Structure formats: C-alpha cells, structure tokens
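Student: File follows, data_10.txt with compact mmCIF, C-alpha atoms:
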```
# COMPACT_ATOMS: atom_id res chain seq x y z
CA MET N 14 0.00 0.00 0.00
CA ASP N 15 1.17 3.53 -0.76
CA ASP N 16 2.40 5.71 2.03
CA PRO N 17 -0.69 7.83 2.84
CA TYR N 18 1.56 10.84 3.42
CA ASN N 19 2.83 10.60 -0.16
CA LYS N 20 -0.65 9.97 -1.42
CA LEU N 21 -1.97 13.05 0.38
CA SER N 22 0.96 15.13 -0.87
CA GLU N 23 0.17 14.05 -4.42
CA ILE N 24 -3.49 14.97 -4.03
CA VAL N 25 -2.57 18.34 -2.56
CA TYR N 26 -0.18 18.92 -5.46
CA ARG N 27 -2.84 17.93 -8.00
CA VAL N 28 -5.47 20.22 -6.51
CA LEU N 29 -3.43 23.13 -5.21
CA LYS N 30 -0.37 22.95 -7.48
CA VAL N 31 2.03 23.27 -4.56
CA THR N 32 4.47 20.78 -3.06
CA ILE N 33 4.08 20.50 0.69
CA GLU N 34 7.17 19.25 2.50
CA ASP N 35 6.11 20.12 6.02
CA PRO N 36 3.17 18.01 7.28
CA ASP N 37 2.36 20.76 9.78
CA LEU N 38 2.21 23.60 7.30
CA ASP N 39 -1.12 25.35 7.83
CA LEU N 40 -2.76 25.55 4.39
CA MET N 41 -5.31 28.08 5.57
CA ASP N 42 -2.89 30.46 7.25
CA SER N 43 -0.53 30.24 4.30
CA GLY N 44 -3.35 31.28 1.96
CA ILE N 45 -3.05 28.19 -0.22
CA LEU N 46 -6.58 26.91 0.24
CA ASP N 47 -9.98 28.42 -0.40
CA SER N 48 -13.50 27.02 -0.05
CA LEU N 49 -13.72 25.76 -3.62
CA THR N 50 -10.34 24.03 -3.62
CA LEU N 51 -11.23 22.57 -0.24
CA VAL N 52 -14.23 20.83 -1.80
CA GLN N 53 -12.01 19.52 -4.60
CA LEU N 54 -9.54 18.29 -2.02
CA MET N 55 -12.30 16.55 -0.08
CA MET N 56 -13.54 14.76 -3.18
CA GLU N 57 -10.04 13.72 -4.26
CA ILE N 58 -9.23 12.37 -0.81
CA GLU N 59 -12.49 10.46 -0.61
CA SER N 60 -11.86 8.93 -3.99
CA ALA N 61 -8.19 8.09 -3.44
CA PHE N 62 -8.70 6.53 -0.01
CA GLU N 63 -12.12 5.07 -0.83
CA ILE N 64 -13.74 6.71 2.14
CA THR N 65 -16.95 8.70 2.51
CA ILE N 66 -17.20 11.61 4.86
CA PRO N 67 -20.85 12.28 5.69
CA PRO N 68 -21.69 15.99 5.29
CA GLU N 69 -22.64 16.32 8.95
CA LEU N 70 -19.17 15.09 9.96
CA VAL N 71 -17.23 17.44 7.71
CA ASP N 72 -14.79 19.31 9.93
CA ILE N 73 -13.03 22.02 8.01
CA ASP N 74 -10.07 21.99 10.41
CA ASP N 75 -9.32 18.45 9.27
CA TYR N 76 -7.97 19.98 6.08
CA ARG N 77 -5.69 22.50 7.75
CA THR N 78 -2.46 20.46 7.46
CA LEU N 79 -1.31 17.23 5.87
CA ARG N 80 -1.06 15.76 9.34
CA SER N 81 -4.67 16.60 10.20
CA MET N 82 -5.80 15.26 6.83
CA ASN N 83 -4.05 12.03 7.56
CA ARG N 84 -5.71 11.82 10.96
CA MET N 85 -9.09 12.34 9.30
CA VAL N 86 -8.40 9.66 6.69
CA PHE N 87 -7.34 7.28 9.44
CA ARG N 88 -10.46 8.08 11.44
CA CYS N 89 -12.77 7.55 8.48
CA SER N 90 -11.18 4.29 7.39
CA PRO N 91 -10.39 2.29 10.53
CA GLY N 92 -9.86 -0.83 8.47
CA ALA N 93 -7.50 0.77 6.01
CA ALA N 94 -4.43 -0.45 7.84
CA LEU N 95 -2.82 2.94 7.72
CA GLU N 96 -0.99 2.13 10.90
CA SER N 97 1.02 -0.51 9.13
CA ASN N 98 2.62 2.24 7.11
CA ASP N 99 5.11 4.79 8.15
CA SER N 100 2.32 7.23 8.78
CA SER N 101 2.86 7.48 12.52
CA ARG N 102 5.54 10.07 11.93
CA PHE N 103 2.94 12.64 11.15
CA ARG N 104 -0.14 11.34 12.91
CA MET R 30 -9.29 31.93 14.98
CA SER R 31 -12.41 33.44 13.48
CA GLU R 32 -15.84 33.15 15.08
CA ILE R 33 -19.31 33.17 13.59
CA GLY R 34 -22.20 35.05 15.18
CA ALA R 35 -25.28 37.14 14.54
CA LEU R 36 -24.97 40.37 12.60
CA ARG R 37 -24.90 43.42 14.89
CA ARG R 38 -26.24 46.86 13.99
CA ASP R 39 -22.80 48.43 14.34
CA GLU R 40 -21.47 46.08 11.66
CA ILE R 41 -23.87 47.23 8.93
CA GLY R 42 -21.34 49.75 7.57
CA LYS R 43 -18.82 47.00 6.91
CA ILE R 44 -21.48 44.87 5.18
CA VAL R 45 -22.31 47.84 2.94
CA SER R 46 -18.69 48.26 1.84
CA MET R 47 -18.27 44.51 1.30
CA THR R 48 -21.47 44.43 -0.76
CA GLN R 49 -20.14 47.18 -3.00
CA ASP R 50 -16.77 45.44 -3.29
CA TYR R 51 -18.04 41.97 -4.10
CA PHE R 52 -21.42 42.53 -5.81
CA PRO R 53 -20.67 44.82 -8.78
CA GLY R 54 -24.40 45.36 -9.46
CA SER R 55 -24.74 47.15 -6.13
CA ARG R 56 -22.26 49.86 -7.14
CA ASN R 57 -25.10 51.70 -8.87
CA VAL R 58 -26.93 51.93 -5.56
CA SER R 59 -25.99 54.51 -2.95
CA PRO R 60 -24.34 53.19 0.23
CA ALA R 61 -27.12 54.87 2.22
CA SER R 62 -29.80 52.83 0.39
CA ILE R 63 -27.91 49.59 0.95
CA GLU R 64 -27.47 50.48 4.59
CA LYS R 65 -31.18 51.12 4.96
CA ALA R 66 -32.02 47.88 3.13
CA ILE R 67 -29.77 45.85 5.44
CA HIS R 68 -31.12 47.58 8.51
CA ASP R 69 -34.73 47.11 7.46
CA LEU R 70 -34.28 43.56 6.28
CA TYR R 71 -32.34 42.09 9.19
CA PHE R 72 -33.58 44.15 12.09
CA HIS R 73 -37.05 45.46 11.23
CA SER R 74 -38.57 43.07 8.78
CA ILE R 75 -41.16 40.34 8.84
CA LEU R 76 -38.41 38.18 7.37
CA SER R 77 -35.99 38.54 10.27
CA GLU R 78 -36.10 36.50 13.45
CA THR R 79 -33.57 36.67 16.23
CA GLN R 80 -33.34 32.90 16.34
CA PHE R 81 -32.26 32.83 12.68
CA PRO R 82 -30.06 35.90 12.29
CA ALA R 83 -27.95 37.01 9.37
CA LEU R 84 -24.48 35.63 10.07
CA VAL R 85 -21.09 37.28 10.15
CA SER R 86 -17.67 35.81 10.57
CA ARG R 87 -15.31 37.89 12.68
CA SER R 88 -11.53 37.64 12.68
CA GLU R 89 -9.49 37.36 15.87
CA ASN R 90 -9.46 41.14 16.25
CA GLY R 91 -13.24 41.37 15.83
CA GLU R 92 -13.24 42.62 12.22
CA VAL R 93 -16.09 41.41 10.01
CA GLU R 94 -14.59 39.18 7.32
CA GLY R 95 -17.60 37.31 6.00
CA PHE R 96 -21.36 37.59 5.73
CA LEU R 97 -24.37 35.42 4.98
CA GLY R 98 -27.84 36.96 4.81
CA VAL R 99 -30.67 34.89 6.25
CA ARG R 100 -34.41 35.36 5.90
CA THR R 101 -37.02 33.27 7.63
CA SER R 102 -40.53 32.24 6.77
CA ARG R 103 -43.08 29.71 7.88
CA TYR R 104 -44.52 26.96 5.72
CA THR R 105 -47.07 24.27 6.40
CA TYR R 106 -45.83 20.78 5.79
CA MET R 107 -48.10 17.76 6.17
CA GLY R 108 -50.33 19.74 8.50
CA ARG R 109 -47.65 21.22 10.74
CA THR R 110 -45.84 24.53 10.64
CA VAL R 111 -42.15 24.39 9.73
CA VAL R 112 -39.38 26.96 9.62
CA VAL R 113 -37.86 27.67 6.24
CA THR R 114 -34.75 29.81 6.00
CA ASN R 115 -33.48 31.34 2.83
CA CYS R 116 -29.83 32.34 2.69
CA HIS R 117 -28.28 34.76 0.26
CA HIS R 118 -25.46 37.23 -0.26
CA LEU R 119 -22.59 34.99 0.80
CA MET R 120 -19.38 36.98 0.74
CA ALA R 121 -15.95 37.06 2.37
CA THR R 122 -12.93 39.32 2.23
CA GLU R 123 -9.91 38.09 0.26
CA PRO R 124 -7.85 37.03 3.32
CA ALA R 125 -10.90 35.30 4.82
CA ARG R 126 -11.33 33.12 1.76
CA SER R 127 -8.14 31.24 2.50
CA GLN R 128 -9.48 30.75 6.01
CA LEU R 129 -12.45 29.00 4.34
CA VAL R 130 -14.88 31.52 5.79
CA PRO R 131 -17.51 31.01 3.03
CA MET R 132 -17.56 27.28 3.73
CA LYS R 133 -17.68 27.86 7.49
CA LEU R 134 -20.57 30.32 7.19
CA LEU R 135 -22.59 27.94 5.05
CA GLN R 136 -21.85 25.02 7.33
CA HIS R 137 -22.86 27.04 10.39
CA PHE R 138 -26.08 28.10 8.68
CA LEU R 139 -27.02 24.60 7.52
CA LYS R 140 -26.47 23.17 10.99
CA GLY R 141 -29.19 25.47 12.35
CA PRO R 142 -32.51 24.27 13.79
CA GLN R 143 -34.59 25.18 10.73
CA ASP R 144 -36.56 22.46 8.95
CA LEU R 145 -35.62 23.51 5.45
CA SER R 146 -32.93 25.79 4.10
CA PHE R 147 -32.70 27.09 0.63
CA ALA R 148 -30.72 29.46 -1.49
CA ASP R 149 -32.42 30.87 -4.52
CA GLY R 150 -30.41 32.23 -7.40
CA ALA R 151 -27.12 30.76 -6.19
CA ILE R 152 -24.00 30.86 -8.35
CA GLU R 153 -22.00 27.79 -9.36
CA ALA R 154 -19.43 28.21 -6.58
CA THR R 155 -22.12 28.27 -3.89
CA ARG R 156 -23.71 25.20 -5.40
CA TYR R 157 -20.36 23.41 -5.18
CA LEU R 158 -20.03 24.15 -1.47
CA TRP R 159 -23.69 23.54 -0.73
CA GLU R 160 -23.67 20.05 -2.25
CA ARG R 161 -20.57 19.07 -0.30
CA LEU R 162 -22.35 20.09 2.88
CA GLY R 163 -25.25 17.75 2.21
CA GLY R 164 -27.53 20.03 0.20
CA VAL R 165 -28.97 19.33 -3.23
CA VAL R 166 -30.08 21.26 -6.29
CA SER R 167 -33.73 21.51 -7.22
CA HIS R 168 -33.12 21.39 -10.96
CA ALA R 169 -36.66 22.18 -12.04
CA ASP R 170 -36.82 25.24 -9.80
CA SER R 171 -33.48 26.35 -11.25
CA LEU R 172 -34.80 26.73 -14.80
CA TYR R 173 -34.71 30.27 -16.10
CA PHE R 174 -37.10 31.23 -18.88
CA LYS R 175 -37.12 34.04 -21.41
CA THR R 176 -40.13 34.88 -23.54
CA PRO R 177 -39.51 37.25 -26.45
CA LEU R 178 -42.21 39.94 -26.50
CA ARG R 179 -40.75 42.13 -29.23
CA PRO R 180 -39.01 39.50 -31.34
CA VAL R 181 -36.63 41.60 -33.43
CA SER R 182 -35.50 43.72 -30.49
CA PHE R 183 -35.13 40.58 -28.39
CA ALA R 184 -33.03 38.85 -31.04
CA THR R 185 -30.70 41.76 -31.75
CA ARG R 186 -30.29 42.54 -28.07
CA ASN R 187 -29.18 39.01 -27.36
CA LEU R 188 -27.07 38.64 -30.50
CA PHE R 189 -25.15 41.91 -30.19
CA LYS R 190 -24.62 42.03 -26.44
CA SER R 191 -20.86 42.45 -26.73
CA MET R 192 -20.96 45.09 -29.44
CA ARG R 193 -19.82 48.69 -28.84
CA PRO R 194 -22.63 50.64 -27.10
CA THR R 195 -23.00 53.29 -29.87
CA LEU R 196 -23.39 50.68 -32.60
CA ARG R 197 -25.60 48.53 -30.40
CA ASN R 198 -27.91 51.48 -29.68
CA ARG R 199 -28.32 52.13 -33.40
CA ILE R 200 -29.17 48.51 -34.07
CA ASN R 201 -31.62 48.55 -31.16
CA SER R 202 -33.37 51.62 -32.61
CA VAL R 203 -33.75 49.93 -35.98
CA SER R 204 -35.04 46.69 -34.47
CA SER R 205 -37.45 48.61 -32.26
CA GLY R 206 -38.77 50.31 -35.43
CA VAL R 207 -39.30 46.93 -37.09
CA ASP R 208 -41.22 45.69 -34.03
CA THR R 209 -43.39 48.81 -34.04
CA ALA R 210 -44.13 48.48 -37.75
CA GLY R 211 -45.07 44.84 -37.24
CA ARG R 212 -47.39 45.81 -34.41
CA LEU R 213 -49.07 48.58 -36.42
CA LEU R 214 -49.63 46.15 -39.28
CA SER R 215 -51.09 43.66 -36.76
CA ILE R 216 -48.72 40.91 -37.89
CA PRO R 217 -49.37 38.11 -35.35
CA LEU R 218 -45.70 37.66 -34.42
CA PHE R 219 -45.47 41.32 -33.41
CA HIS R 220 -48.89 41.87 -31.96
CA ARG R 221 -50.51 40.48 -28.81
CA LYS R 222 -54.23 40.51 -28.31
CA LYS R 223 -55.61 41.67 -25.00
CA PRO R 224 -57.04 38.64 -23.16
CA THR R 225 -60.72 38.85 -22.34
CA ILE R 226 -60.11 37.98 -18.70
CA ARG R 227 -60.51 40.76 -16.16
CA MET R 228 -57.17 42.03 -14.84
CA GLU R 229 -56.93 44.26 -11.81
CA GLU R 230 -54.27 45.36 -9.37
CA LEU R 231 -53.60 42.54 -6.94
CA SER R 232 -54.36 43.26 -3.30
CA ALA R 233 -53.02 41.33 -0.32
CA ASP R 234 -56.48 39.93 0.47
CA ARG R 235 -57.05 38.66 -3.06
CA LEU R 236 -53.60 37.07 -3.11
CA ILE R 237 -54.38 35.28 0.17
CA GLU R 238 -57.64 34.09 -1.37
CA GLY R 239 -55.77 32.68 -4.38
CA LEU R 240 -53.12 31.05 -2.22
CA ASP R 241 -55.79 29.41 -0.10
CA LYS R 242 -57.26 27.84 -3.22
CA LEU R 243 -53.84 26.56 -4.31
CA ALA R 244 -52.70 25.23 -0.95
CA ARG R 245 -54.52 21.91 -1.17
CA ASN R 246 -52.39 20.92 -4.19
CA TYR R 247 -49.15 21.06 -2.21
CA THR R 248 -47.65 19.34 0.80
CA LEU R 249 -45.21 22.21 1.49
CA PHE R 250 -46.82 25.62 1.28
CA PRO R 251 -45.99 29.09 2.62
CA VAL R 252 -48.01 30.57 5.47
CA TYR R 253 -49.14 34.10 4.83
CA ASP R 254 -51.59 36.58 6.26
CA SER R 255 -52.71 39.90 4.82
CA ARG R 256 -50.34 41.88 6.99
CA LYS R 257 -47.34 39.90 5.90
CA ILE R 258 -48.31 40.17 2.24
CA ASP R 259 -48.80 43.92 2.63
CA ASP R 260 -45.33 44.19 4.17
CA LEU R 261 -43.85 42.12 1.36
CA PHE R 262 -45.56 44.30 -1.23
CA SER R 263 -44.06 47.37 0.46
CA LEU R 264 -40.60 45.81 0.36
CA LEU R 265 -41.03 44.88 -3.29
CA GLU R 266 -42.32 48.32 -4.22
CA HIS R 267 -39.50 50.00 -2.36
CA GLU R 268 -36.95 48.21 -4.55
CA GLN R 269 -36.53 50.30 -7.69
CA ARG R 270 -33.41 48.74 -9.21
CA PHE R 271 -35.31 46.27 -11.37
CA GLY R 272 -37.97 48.73 -12.48
CA THR R 273 -41.56 49.32 -11.50
CA LEU R 274 -43.43 46.61 -9.69
CA GLN R 275 -46.50 45.34 -11.52
CA LYS R 276 -48.89 43.19 -9.52
CA VAL R 277 -51.99 41.93 -11.22
CA GLY R 278 -54.80 39.53 -10.34
CA LEU R 279 -56.83 37.61 -12.91
CA TYR R 280 -60.53 37.29 -12.17
CA SER R 281 -63.51 35.40 -13.56
CA ASP R 282 -66.83 37.04 -14.35
CA ARG R 283 -68.01 35.91 -10.93
CA ASP R 284 -65.02 37.69 -9.39
CA ASP R 285 -63.20 34.48 -8.44
CA ILE R 286 -59.44 34.80 -8.53
CA LEU R 287 -57.95 32.50 -11.20
CA GLY R 288 -54.32 33.55 -11.10
CA TRP R 289 -51.92 36.41 -10.52
CA PHE R 290 -48.52 37.70 -11.46
CA LEU R 291 -45.92 40.08 -10.08
CA TYR R 292 -43.01 41.34 -12.08
CA TYR R 293 -40.68 44.29 -12.42
CA SER R 294 -40.72 46.15 -15.74
CA ASN R 295 -37.67 48.27 -16.40
CA LYS R 296 -36.96 50.99 -18.93
CA GLY R 297 -34.88 48.65 -21.05
CA GLY R 298 -37.88 46.41 -21.63
CA VAL R 299 -36.77 43.57 -19.35
CA CYS R 300 -39.68 42.24 -17.34
CA GLU R 301 -38.38 40.11 -14.48
CA VAL R 302 -41.04 37.87 -13.01
CA ILE R 303 -41.22 37.40 -9.25
CA GLN R 304 -44.25 35.15 -9.18
CA ALA R 305 -46.69 34.07 -11.89
CA VAL R 306 -49.20 31.48 -10.79
CA SER R 307 -52.62 30.25 -11.84
CA LEU R 308 -55.14 27.81 -10.48
CA PRO R 309 -54.96 24.44 -12.26
CA GLY R 310 -56.51 24.67 -15.73
CA TYR R 311 -55.80 28.38 -16.21
CA GLU R 312 -52.15 28.16 -17.23
CA SER R 313 -52.72 29.38 -20.81
CA LEU R 314 -54.78 32.24 -19.56
CA LEU R 315 -52.00 33.25 -17.19
CA HIS R 316 -49.45 33.10 -20.00
CA ASP R 317 -51.59 35.22 -22.35
CA ALA R 318 -52.33 37.74 -19.62
CA ILE R 319 -48.79 38.26 -18.39
CA THR R 320 -47.23 38.41 -21.86
CA TRP R 321 -49.86 40.91 -23.04
CA HIS R 322 -49.48 42.98 -19.88
CA ALA R 323 -45.69 43.13 -20.20
CA TRP R 324 -45.80 43.68 -23.97
CA SER R 325 -48.33 46.51 -23.69
CA ARG R 326 -46.00 48.28 -21.29
CA GLY R 327 -43.13 48.23 -23.74
CA GLY R 328 -41.59 44.94 -22.64
CA VAL R 329 -39.01 43.33 -24.92
CA GLU R 330 -38.62 40.15 -22.93
CA LEU R 331 -40.32 38.46 -20.04
CA CYS R 332 -37.98 36.39 -17.93
CA GLY R 333 -37.79 34.63 -14.61
CA ARG R 334 -37.69 31.29 -12.91
CA LEU R 335 -40.10 28.43 -13.29
CA MET R 336 -41.66 26.31 -10.59
CA THR R 337 -41.55 22.53 -10.87
CA THR R 338 -45.31 22.49 -11.47
CA GLN R 339 -44.92 24.85 -14.43
CA LEU R 340 -42.63 22.69 -16.54
CA LYS R 341 -45.45 21.73 -18.91
CA SER R 342 -47.23 25.07 -18.81
CA PRO R 343 -47.10 27.61 -21.66
CA LEU R 344 -44.79 29.72 -19.52
CA ALA R 345 -42.19 26.99 -20.10
CA THR R 346 -43.21 25.54 -23.46
CA ARG R 347 -43.52 28.91 -25.21
CA SER R 348 -40.29 30.27 -23.81
CA ILE R 349 -36.59 29.69 -24.11
CA CYS R 350 -35.59 27.75 -21.02
CA MET R 351 -32.05 27.83 -19.74
CA PRO R 352 -30.80 25.54 -16.99
CA GLY R 353 -27.98 26.44 -14.68
CA ARG R 354 -27.97 30.22 -14.95
CA MET R 355 -28.71 30.30 -11.26
CA TRP R 356 -29.41 27.48 -8.87
CA THR R 357 -32.13 26.78 -6.37
CA LEU R 358 -30.40 24.90 -3.58
CA ILE R 359 -32.20 23.03 -0.85
CA HIS R 360 -31.12 21.35 2.36
CA SER R 361 -33.17 19.43 4.85
CA ARG R 362 -32.61 16.55 7.22
CA ASP R 363 -36.09 15.36 6.24
CA CYS R 364 -35.76 13.33 3.01
CA GLU R 365 -39.51 13.35 2.40
CA MET R 366 -39.50 17.12 2.53
CA LYS R 367 -36.77 17.20 -0.11
CA ASN R 368 -38.76 14.74 -2.21
CA SER R 369 -41.80 16.96 -2.04
CA ILE R 370 -39.74 19.73 -3.64
CA HIS R 371 -38.30 17.51 -6.36
CA SER R 372 -41.71 16.10 -7.22
CA GLY R 373 -43.45 19.45 -7.49
CA ARG R 374 -45.46 19.14 -4.28
CA ALA R 375 -43.82 22.23 -2.79
CA PHE R 376 -44.75 25.80 -3.53
CA LEU R 377 -41.48 27.67 -3.12
CA THR R 378 -42.69 31.24 -3.11
CA ARG R 379 -40.38 33.83 -4.58
CA LEU R 380 -42.10 36.78 -3.01
CA GLU R 381 -39.20 36.83 -0.54
CA GLY R 382 -36.76 35.89 -3.30
CA ASP R 383 -33.20 36.86 -3.97
CA LEU R 384 -34.04 39.16 -6.82
CA TRP R 385 -34.83 42.21 -4.80
CA VAL R 386 -32.84 41.67 -1.63
CA LEU R 387 -30.01 44.19 -1.12
```
Let me see the structure of the file written as structure tokens.

Tutor:
Amino acid sequence: MDDPYNKLSEIVYRVLKVTIEDPDLDLMDSGILDSLTLVQLMMEIESAFEITIPPELVDIDDYRTLRSMNRMVFRCSPGAALESNDSSRFR
Amino acid sequence: MSEIGALRRDEIGKIVSMTQDYFPGSRNVSPASIEKAIHDLYFHSILSETQFPALVSRSENGEVEGFLGVRTSRYTYMGRTVVVTNCHHLMATEPARSQLVPMKLLQHFLKGPQDLSFADGAIEATRYLWERLGGVVSHADSLYFKTPLRPVSFATRNLFKSMRPTLRNRINSVSSGVDTAGRLLSIPLFHRKKPTIRMEELSADRLIEGLDKLARNYTLFPVYDSRKIDDLFSLLEHEQRFGTLQKVGLYSDRDDILGWFLYYSNKGGVCEVIQAVSLPGYESLLHDAITWHAWSRGGVELCGRLMTTQLKSPLATRSICMPGRMWTLIHSRDCEMKNSIHSGRAFLTRLEGDLWVL
C-alpha cells in the first residue's frame, strides 16, 4: 500500500499545485486553500482513499495540514491499515 | 481563529462596503440605500427573526470578514408549521477566503434548527459548497425562462450584447422600429391581443384568497396573512433597481381569482417575473395575460424562474428555457420534505426571493 503521506501530498499537489514538505504547514494560514479548492480536495481524498465523509461530519479543520488530513483519513477508514505504514511520523 | 455570530447593527457599515466590493451590481446603488435595506431587512422586517439571524464571521481582532444573509418564513408541511430559512449574499474578504470563511458560514447556517434551508439564485461556486455540505439542487426550480415579447429587439439585443454601445444602440433603434411596424400592421408575431379575462391590481387579500385555493395541491406551502403580504408588497415596491413593480390579479366574471402575477418592468424592456401562478386549468390564460401585460408596457422580454409544477405550462413551453444560470439549492434533514420539492409538491414562493434583496 502507498504511504498515505505521499498519497496526500500528491493529491494536494494535484489540486493546489504546490508541493508540501512540512506536514504541519497550515494551508489556511498560508493562503493556499480556499473554499472551492477545499471541496475539490475533499472529493479527491475520498476517492483516493475510498472513504466517505458524511456531510454532517465534515470538519473544516481536518484539512488544515497534511497531518490533520491524515488523521481524518485514518479516522474515516479504521480498516484501512494505515498504521502498518510509516504514517505514525505525522499522525 | 475566526468566530461566527449574529450580525450586529454596528457592523452594517462594513457589510455595505463589502457588498459594494463583491457585488458589482450594487455599485449603482448609494451606500445609504444599501445600509437602509440591510437595517430594514435584518432588524425590522417580517423576514428577520432573532433565532435565525444574518451571520457574520469575525476575525481574531473582531473585524467582520464574511457575511451570509438569512431570511425566515413559515410553511405548512403535512399539516404542521415548519421553519424555512433562505440564505443569500454569501461573501468574504480576500484574506478570509483562505481561512475558508464562506464554507464555514454555510456550514454554520445549515447546521441550524430550521426544517428547510434554501438558497435561490445561487451561483455555481455556492452550489459546489452547498452540495458538499449535504444540500442538493432543485433542478426544475433552477430553470430560467425568457419569452420574447418584441421579437426583433429581443433577437438583436441578445445577439449583439458584446458590441460597442454606440453601434448597439443604433441597431436597437432599428429593431425597435421593425417591431413597431409589425405591431401597427397587426402581424401576429409582433402583436398580442388583449385577453378577455378581467385584470386588476392585486391586493393582499385577493392574493391570500388565491393562495388558499392553491394550498390543497401542495404538501409544502408558505403561510401568509394579509399583513405579511402587505409588508412584502411594500418591500417589493420600495426596490426600484429592477424597475416598476407590476402586480396583477386575474378574475372570472363571478369575481373568483384565477391567477396572478408580479413582475418588475424596467426601462430597457426587461420584465423580471417574481411570481406568476394560476389555479390548475388556467395556465394558458395566465401566459396570455402576463405576456400581453408586459408587452403593452413596452416589454421586450419576459424572464424569470419556473416552478416545478410549471414545466409543462405555456410559460415553459412557449419560452426559451435555460438551466444552470442560477441554482435553487435546498437542504433538509427530512428526506420526504426534499422529495416533495423535487416532485413538485412544494410551492417555493419567490415573493421573498433573492431578486430584490439588497
């Protein structure tokens, strides 16, 4: 299985056209994200990780950093065996 | 960290300047008029309730950085009264956009205790956010229609939109002359016969009477009384940007109300419909009456939004219908309520619509 960190970085690159090295970089404070790209990001993440985030559980802060995105993916896919990867370094 | 709360009176000034920054159409309106409209609408209107306030997002230092207008009305749904909120005018400052303030405002609004939320006349970007937050589009209610009243003027106006104004004005004069000649020669395409039905100015009481007759056909229907309709008429009449308000009732020989229409007619000949409704069986009559009325007042085109129940009516079949110009967005935790909208069992009134607000 792909490293979810790499997978998330690729998605962020595809949607936002920026390479994020620091998993704690705040995408909102750095002005990289806006509401429309957030929705794109949500859809790409759902598709790539085969998860569904019910609208009532959408927490915008989950998309603040790569680390928080990873936490959200992990939370939404408990069976996805993310822990077996080297994802703990940014969880 | 920003926080979302109810709009305060001392923040109206900031909303005025944001409106002028982000809604180019409002630049033709004086700041004082916008200020009065906001004040009246959110603090002194039949459409404002403290439990469902207009929302603002404030930055850490208390500055307003985002706004979402909210209006409230009551509907009956399967015999009970429900709260319907209509949101509009979503805007955020540039720095606030990267803080996802538009998304946060919408999310905050949709999580409210109302039974049904909708946004009428929403742009594509709002639709995108709305759908991600669990809302859906009512496609039928989103259809925009245009009926040519003066065909040559209508055609040239739409064909030469991007032309230089001086040249465009000349072409418009010529096409207007052709339409007039066609009318004087009574050529059917250019001439509309006055319907035999009696048409009179619509009063609040007669509108209530008509709505009462319609209500049984719907499971979701607005609750009105004469006072509220009178207040709405005042609000509509106060708004001059779209032209002069025309409000007409259609009556039988026995003085029964058979239908009604409200629209704005402006100097450029655009007649923007707010509501055009008939009792079942009188759809053609409504179409003939409103098109004649608008045409006889110099209208070039009649335009507006359709209701789901009007998709097979002459208002739709004798017009050019365009999907997706603006969206009617709905959100409810009650699936059956959403179904009633999709299946045409809801009467989404546009008397409180987005057209005239702010």

Student: What residues in chain R have any atom no more than 7 Å from chain N when counting only C-alpha atoms, and can you write them as a PDB file with C-alpha atoms, in the frame of the given file?

Tutor:
```pdb
ATOM      1  CA  ARG R 126     -11.330  33.120   1.760  1.00  0.00           C
ATOM      2  CA  SER R 127      -8.140  31.240   2.500  1.00  0.00           C
ATOM      3  CA  GLN R 128      -9.480  30.750   6.010  1.00  0.00           C
ATOM      4  CA  LEU R 129     -12.450  29.000   4.340  1.00  0.00           C
ATOM      5  CA  PRO R 131     -17.510  31.010   3.030  1.00  0.00           C
ATOM      6  CA  MET R 132     -17.560  27.280   3.730  1.00  0.00           C
ATOM      7  CA  ALA R 154     -19.430  28.210  -6.580  1.00  0.00           C
ATOM      8  CA  LEU R 158     -20.030  24.150  -1.470  1.00  0.00           C
ATOM      9  CA  ARG R 161     -20.570  19.070  -0.300  1.00  0.00           C
ATOM     10  CA  LEU R 162     -22.350  20.090   2.880  1.00  0.00           C
ATOM     11  CA  GLY R 163     -25.250  17.750   2.210  1.00  0.00           C
TER      12      GLY R 163
END
```

Student: What is the distance, in Å and to one decimal place, between CA of Pro343 (chain R) and CA of Leu314 (chain R)?

Tutor: 9.2 Å

Student: Would you pick out the contacts of region 179-187 of chain R at 8 Å or less, using all atoms listed in the file, so that residues sharing its chain but fewer than 2 positions from it are not included, and give the list as a ChimeraX atom specification?

Tutor: /R:177,189-190,197,200-201,204-205,207-208,218-219,324,328-330

Student: For CA of Lys341 (chain R) and CA of Asp144 (chain R), quote the distance in Å rounded to one decimal.

Tutor: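 The value is 29.3 Å.
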
Student: Find the spatial neighbours of Asn90 (chain R), counting only C-alpha atoms, within a cut-off of 10 Å - ignore same-chain residues fewer than 2 positions away - and output them as a list of chain:residue names.

Tutor: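 Close residues of Asn90 (chain R): R:Met30, R:Ser31, R:Arg87, R:Ser88, R:Glu92, R:Val93.
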
Student: For region 39-48 of chain N, I'd like the enclosing box, axis-aligned and padded by 6 Å on every side, reported as lines of an AutoDock Vina configuration file with centre and edge lengths in Å to one decimal.

Tutor:
```
center_x = -7.0
center_y = 28.3
center_z = 3.7
size_x = 25.0
size_y = 17.9
size_z = 20.2
```

Student: My list of candidates is R:His360, R:Lys223, R:His118, R:Arg103. Which is closest to Tyr51 (chain R) when distances are computed with all atoms listed in the file?

Tutor: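 Counting all atoms listed in the file, the residue closest to Tyr51 (chain R) is R:His118.
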
Student: CA of Val45 (chain R) and CA of Leu291 (chain R) are how many Å apart?

Tutor: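 So the two atoms, CA of Val45 (chain R) and CA of Leu291 (chain R), lie 28.1 Å apart.
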
Student: Which polymer residues have any atom within 8 Å of an atom of region 269-281 of chain R, counting all atoms listed in the file, with same-chain residues fewer than 4 positions away left out, as a VMD selection string?

Tutor: chain R and resid 226 to 232 235 to 236 265 285 to 296 301 315 385

Student: Which polymer residues have any atom within 10 Å of an atom of Val86 (chain N), counting only C-alpha atoms, with same-chain residues fewer than 3 positions away left out, as a list of chain:residue names?

Tutor: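 Answer for this query is N:Pro17, N:Leu21, N:Ile58, N:Glu59, N:Phe62, N:Glu63, N:Ile64, N:Thr65, N:Ile66, N:Asp75, N:Arg80, N:Ser81, N:Met82, N:Asn83, N:Cys89, N:Ser90, N:Pro91, N:Ala93, N:Leu95.
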
Student: So which residues touch region 253-259 of chain R within 12 Å, counting only C-alpha atoms, skipping near sequence neighbours fewer than 6 positions away, as a list in words?

Tutor: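 Contacts, with the query itself left out: Ser74, Ile75, Leu76, Ser102, Arg103, Tyr104, Thr105, Thr110, Leu231, Ser232, Ala233, Asp234, Arg235, Leu236, Ile237, Glu238, Gly239, Leu240, Asp241, Ala244, Leu265, Glu266, Thr378, Leu380 and Glu381 of chain R.
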